[in-house]
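Asker: Submitted below is the structure of interest, expressed as structure tokens.
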Amino acid sequence: MSIRVHIDGAVCLPEEAKVSIFDRGFLYGDSVYETIGTAYGRLFAARDHLVRLERSAERIGLRAPPRATIERAIADTVAAAANPESRVRVILTRGAGKLDLDPASVDDTQLIVIVFPLGAPTAEMFEKGVSVAIVSITRNSPLAIDPAVKSGNYLNNVLALGEARRRCRAYEAILCAGDGSVAEGSTSNVFLVSGGEVRTPPPAVGILDGITRAKAIELCRANQIPFSERRISPAELRGAEEVFITSATRGVLPVTSIDEKPVGAGVPGPVTRRLMALYDELARRGVD
Ligand code: PMP
């Protein structure tokens with residue numbers, strides 16, 4: 001199990017990897033990133049992640065390197081780390097310059113790839129489900145840094161997770177949008193099941209359009225599982241029969257308690273279990 005870093009065009013050990021204190025990623029969170037997981041030894045949905053990375057970069061006017069350069073950096077770093085399963089963090093920062101907020105003052109994109117052991121949830125977490133807390137910190141307004149942009153500026157989510165952990169030692173924080181409806185987790189999307197129907201908030205609420213979220217929706221549609229995208233109130237989430245979260249490193253993960261109260265029967269429900277199995281099948285088949 002090892003960590004390897006691709007920086008300045010070469011792969012190195014983590015202790016050898018250094019960024020400038022003038023790098024705008026460090027100074028301002030002026031960066032975008034992706035987390036890609038491997039499944040059954042191969043990158044899962046890497047193309048979708050790289051498309052989103054390019055879209056995030058474009059939205060903040062950050063010049064992305066050619067796709068092939070990023071793909072090569074990822075492949076070299078994953079190979080050097082040689083983990084059974086990896087978590088791949090791809091970062092683009094606007095680079096180092098003068099202490100000048102103006103993004104036009106620098107055009108020196110830095111590509112950094114960090115490969116870690118995957119660190120997926122444990123078997124027990126998948127079997128018993130995890131806890132979440134609905135926190136008071138709201139998700140960023142789409143009129144500020146749009147949550148659809150996966151920027152390195154995660155302080156809001158950092159503080160949200162801190163609140164959830166401090167208040168009730170919850171595994172994940174659920175943030176609401178400015179309108180009070182449920183938005184998403186600090187690093188995950190959230191779904192509920194009610195009357196056999198799977199529901200999740202629409203992108204218009206102000207969320208990251210998760211790659212795993214999209215796969216879960218596709219699986220519902222392909223398998224005749226009723227699905228709808230619509231605004232969800234915190235009370236609806238608390239009263240749901242089943243709740244689950246999705247993300248690249250977790251896949252589909254059941255939630256069995258919200259603010260220390262059980263969801264439904266307090267165990268992962270049948271629809272969640274079905275989607276977990278379908279997602280595992282998809283991962284086994286592989287998605288480029
Ligand atoms: N929302 C947020 C805020 C996230 O950080 C993540 C993790 N990248 C997700 C949702 C899940 O997205 P994905 O399925 O693409 O990992």
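Here, A, B, ... name the chains of the structure tokens in the order displayed, residue numbers run from 1 inside each chain, and ligands are numbered from 1 in the same displayed order.
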If you count only C-alpha atoms, which residues fall within 9 Å of segment 251-262 of chain A, apart from same-chain ones fewer than 6 positions away, as a ChimeraX atom specification?
Answerer: /A:120-121,125-134,164,167-168,170,212-213,216,237-238,242-245,268-269,272-273,275-276,279-280
Asker: Could I get the residue neighbourhood of ligand 1 at 7 Å, counting only C-alpha atoms and all ligand atoms, as a ChimeraX atom specification?
Answerer: /A:34-35,49,147,184-189,207-213,246-249
Asker: Mind checking which residues fall within 8 Å of segment 2-19 of chain A, counting only C-alpha atoms, ignoring those fewer than 2 positions away in the same chain, and posting them as a list in words?
Answerer: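 Listing them by chain and then by number gives Ile21, Asp23, Ala73, Ile74, Asp76, Thr77, Val78, Ala80, Ala81, Ala82, Asn83, Gln110, Leu111, Ile112, Val113, Ile114, Val115, Phe116 and Pro117 of chain A.
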Asker: Keeping only N, CA and C atoms, write the selected residues to a file as an mmCIF file, in the first residue's frame.
Answerer:
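Contents of selection-v6.cif, as written:
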data_model
loop_
_atom_site.group_PDB
_atom_site.id
_atom_site.type_symbol
_atom_site.label_atom_id
_atom_site.label_comp_id
_atom_site.auth_asym_id
_atom_site.auth_seq_id
_atom_site.Cartn_x
_atom_site.Cartn_y
_atom_site.Cartn_z
ATOM 1 N N ILE A 21 4.766 28.124 -2.069
ATOM 2 C CA ILE A 21 3.852 28.822 -1.151
ATOM 3 C C ILE A 21 3.077 29.908 -1.893
ATOM 4 N N ASP A 23 1.646 29.249 -4.770
ATOM 5 C CA ASP A 23 0.661 28.585 -5.634
ATOM 6 C C ASP A 23 -0.740 29.020 -5.205
ATOM 7 N N ALA A 73 -0.421 10.963 -16.932
ATOM 8 C CA ALA A 73 0.029 11.210 -15.549
ATOM 9 C C ALA A 73 -0.688 10.267 -14.579
ATOM 10 N N ILE A 74 -1.986 10.074 -14.818
ATOM 11 C CA ILE A 74 -2.756 9.177 -13.942
ATOM 12 C C ILE A 74 -2.236 7.745 -14.078
ATOM 13 N N ASP A 76 0.661 6.593 -15.107
ATOM 14 C CA ASP A 76 2.022 6.421 -14.563
ATOM 15 C C ASP A 76 1.991 6.378 -13.029
ATOM 16 N N THR A 77 1.160 7.217 -12.437
ATOM 17 C CA THR A 77 1.146 7.309 -10.973
ATOM 18 C C THR A 77 0.465 6.087 -10.359
ATOM 19 N N VAL A 78 -0.635 5.653 -10.987
ATOM 20 C CA VAL A 78 -1.318 4.443 -10.494
ATOM 21 C C VAL A 78 -0.373 3.242 -10.590
ATOM 22 N N ALA A 80 2.924 3.279 -10.559
ATOM 23 C CA ALA A 80 4.022 3.400 -9.588
ATOM 24 C C ALA A 80 3.550 3.064 -8.169
ATOM 25 N N ALA A 81 2.307 3.442 -7.837
ATOM 26 C CA ALA A 81 1.798 3.175 -6.483
ATOM 27 C C ALA A 81 1.539 1.683 -6.296
ATOM 28 N N ALA A 82 1.102 1.013 -7.370
ATOM 29 C CA ALA A 82 0.880 -0.442 -7.358
ATOM 30 C C ALA A 82 -0.005 -0.913 -6.209
ATOM 31 N N ASN A 83 -1.055 -0.179 -5.917
ATOM 32 C CA ASN A 83 -2.012 -0.605 -4.889
ATOM 33 C C ASN A 83 -3.030 -1.565 -5.501
ATOM 34 N N GLN A 110 -0.786 24.077 -12.922
ATOM 35 C CA GLN A 110 -0.007 22.975 -12.347
ATOM 36 C C GLN A 110 -0.891 21.744 -12.308
ATOM 37 N N LEU A 111 -0.387 20.655 -12.838
ATOM 38 C CA LEU A 111 -1.097 19.369 -12.770
ATOM 39 C C LEU A 111 -0.436 18.517 -11.696
ATOM 40 N N ILE A 112 -1.233 18.106 -10.735
ATOM 41 C CA ILE A 112 -0.727 17.229 -9.676
ATOM 42 C C ILE A 112 -1.664 16.033 -9.574
ATOM 43 N N VAL A 113 -1.106 14.843 -9.535
ATOM 44 C CA VAL A 113 -1.908 13.630 -9.338
ATOM 45 C C VAL A 113 -1.385 12.948 -8.088
ATOM 46 N N ILE A 114 -2.283 12.653 -7.169
ATOM 47 C CA ILE A 114 -1.880 11.916 -5.961
ATOM 48 C C ILE A 114 -2.654 10.602 -5.956
ATOM 49 N N VAL A 115 -1.933 9.515 -5.817
ATOM 50 C CA VAL A 115 -2.579 8.194 -5.763
ATOM 51 C C VAL A 115 -2.394 7.608 -4.366
ATOM 52 N N PHE A 116 -3.510 7.284 -3.750
ATOM 53 C CA PHE A 116 -3.548 6.689 -2.411
ATOM 54 C C PHE A 116 -4.146 5.280 -2.526
ATOM 55 N N PRO A 117 -3.977 4.474 -1.474
ATOM 56 C CA PRO A 117 -4.808 3.265 -1.398
ATOM 57 C C PRO A 117 -6.279 3.710 -1.351
#
Asker: How many Å lie between atom CA of Leu53 of chain A and atom CA of Arg67 of chain A, rounded to one decimal?
Answerer: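 Computed distance, atom CA of Leu53 of chain A to atom CA of Arg67 of chain A, equals 9.9 Å.
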Asker: Based on the backbone DSSP call, show me all residues of segment 74-221 of chain A assigned alpha helix (DSSP H), as a ChimeraX atom specification.
Answerer: /A:74-81,123-128,155-168,211-221
Asker: Quick check, in Å to one decimal: how far apart do atom CA of Val267 of chain A and atom CA of Glu172 of chain A lie?
Answerer: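 These two atoms are separated by 16.9 Å.
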Asker: Measuring atom to atom with only C-alpha atoms, identify which of A:Gly286, A:Val263, A:Ile217, A:Ala79 is nearest to Glu236 of chain A.
Answerer: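 For Glu236 of chain A, the nearest of the candidates is A:Val263.
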Asker: Rounded to one decimal in Å, what is the spacing between atom CA of Ser194 of chain A and atom CA of Val271 of chain A?
Answerer: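 Between atom CA of Ser194 of chain A and atom CA of Val271 of chain A the gap works out to 9.9 Å.
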Asker: Let's see if you can do this: from backbone DSSP, list all strand (DSSP E) residues in segment 84-187 of chain A, as a ChimeraX atom specification.
Answerer: /A:86-93,110-117,130-134,172-176,182-185
Asker: Write the residues of the selection above to a file with C-alpha atoms, as a PDB file, in the first residue's frame.
Answerer:
ATOM      1  CA  SER A  86      -6.469   3.190  -5.709  1.00  0.00           C
ATOM      2  CA  ARG A  87      -7.973   6.582  -4.993  1.00  0.00           C
ATOM      3  CA  VAL A  88      -6.721   9.035  -7.601  1.00  0.00           C
ATOM      4  CA  ARG A  89      -6.832  12.743  -6.864  1.00  0.00           C
ATOM      5  CA  VAL A  90      -6.250  14.902  -9.929  1.00  0.00           C
ATOM      6  CA  ILE A  91      -5.608  18.571  -9.146  1.00  0.00           C
ATOM      7  CA  LEU A  92      -5.227  21.542 -11.460  1.00  0.00           C
ATOM      8  CA  THR A  93      -4.154  24.808  -9.838  1.00  0.00           C
ATOM      9  CA  GLN A 110      -0.007  22.975 -12.347  1.00  0.00           C
ATOM     10  CA  LEU A 111      -1.097  19.369 -12.770  1.00  0.00           C
ATOM     11  CA  ILE A 112      -0.727  17.229  -9.676  1.00  0.00           C
ATOM     12  CA  VAL A 113      -1.908  13.630  -9.338  1.00  0.00           C
ATOM     13  CA  ILE A 114      -1.880  11.916  -5.961  1.00  0.00           C
ATOM     14  CA  VAL A 115      -2.579   8.194  -5.763  1.00  0.00           C
ATOM     15  CA  PHE A 116      -3.548   6.689  -2.411  1.00  0.00           C
ATOM     16  CA  PRO A 117      -4.808   3.265  -1.398  1.00  0.00           C
ATOM     17  CA  VAL A 130     -23.597   4.826   8.300  1.00  0.00           C
ATOM     18  CA  SER A 131     -24.802   7.834  10.274  1.00  0.00           C
ATOM     19  CA  VAL A 132     -25.325  11.354   8.965  1.00  0.00           C
ATOM     20  CA  ALA A 133     -26.216  14.681  10.529  1.00  0.00           C
ATOM     21  CA  ILE A 134     -28.150  17.459   8.830  1.00  0.00           C
ATOM     22  CA  GLU A 172     -21.148  12.358   6.905  1.00  0.00           C
ATOM     23  CA  ALA A 173     -22.729  15.822   6.993  1.00  0.00           C
ATOM     24  CA  ILE A 174     -25.818  16.586   4.910  1.00  0.00           C
ATOM     25  CA  LEU A 175     -25.999  20.220   3.806  1.00  0.00           C
ATOM     26  CA  CYS A 176     -29.164  22.052   2.835  1.00  0.00           C
ATOM     27  CA  VAL A 182     -31.665  19.019   1.151  1.00  0.00           C
ATOM     28  CA  ALA A 183     -28.667  19.527  -1.153  1.00  0.00           C
ATOM     29  CA  GLU A 184     -25.915  16.925  -0.679  1.00  0.00           C
ATOM     30  CA  GLY A 185     -23.268  15.492   1.608  1.00  0.00           C
TER      31      GLY A 185
END
Asker: Using only C-alpha atoms, which of A:Arg199, A:Arg169, A:Arg24, A:Arg63 sits nearest Phe227 of chain A?
Answerer: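 Of all the options, A:Arg199 lies closest to Phe227 of chain A.
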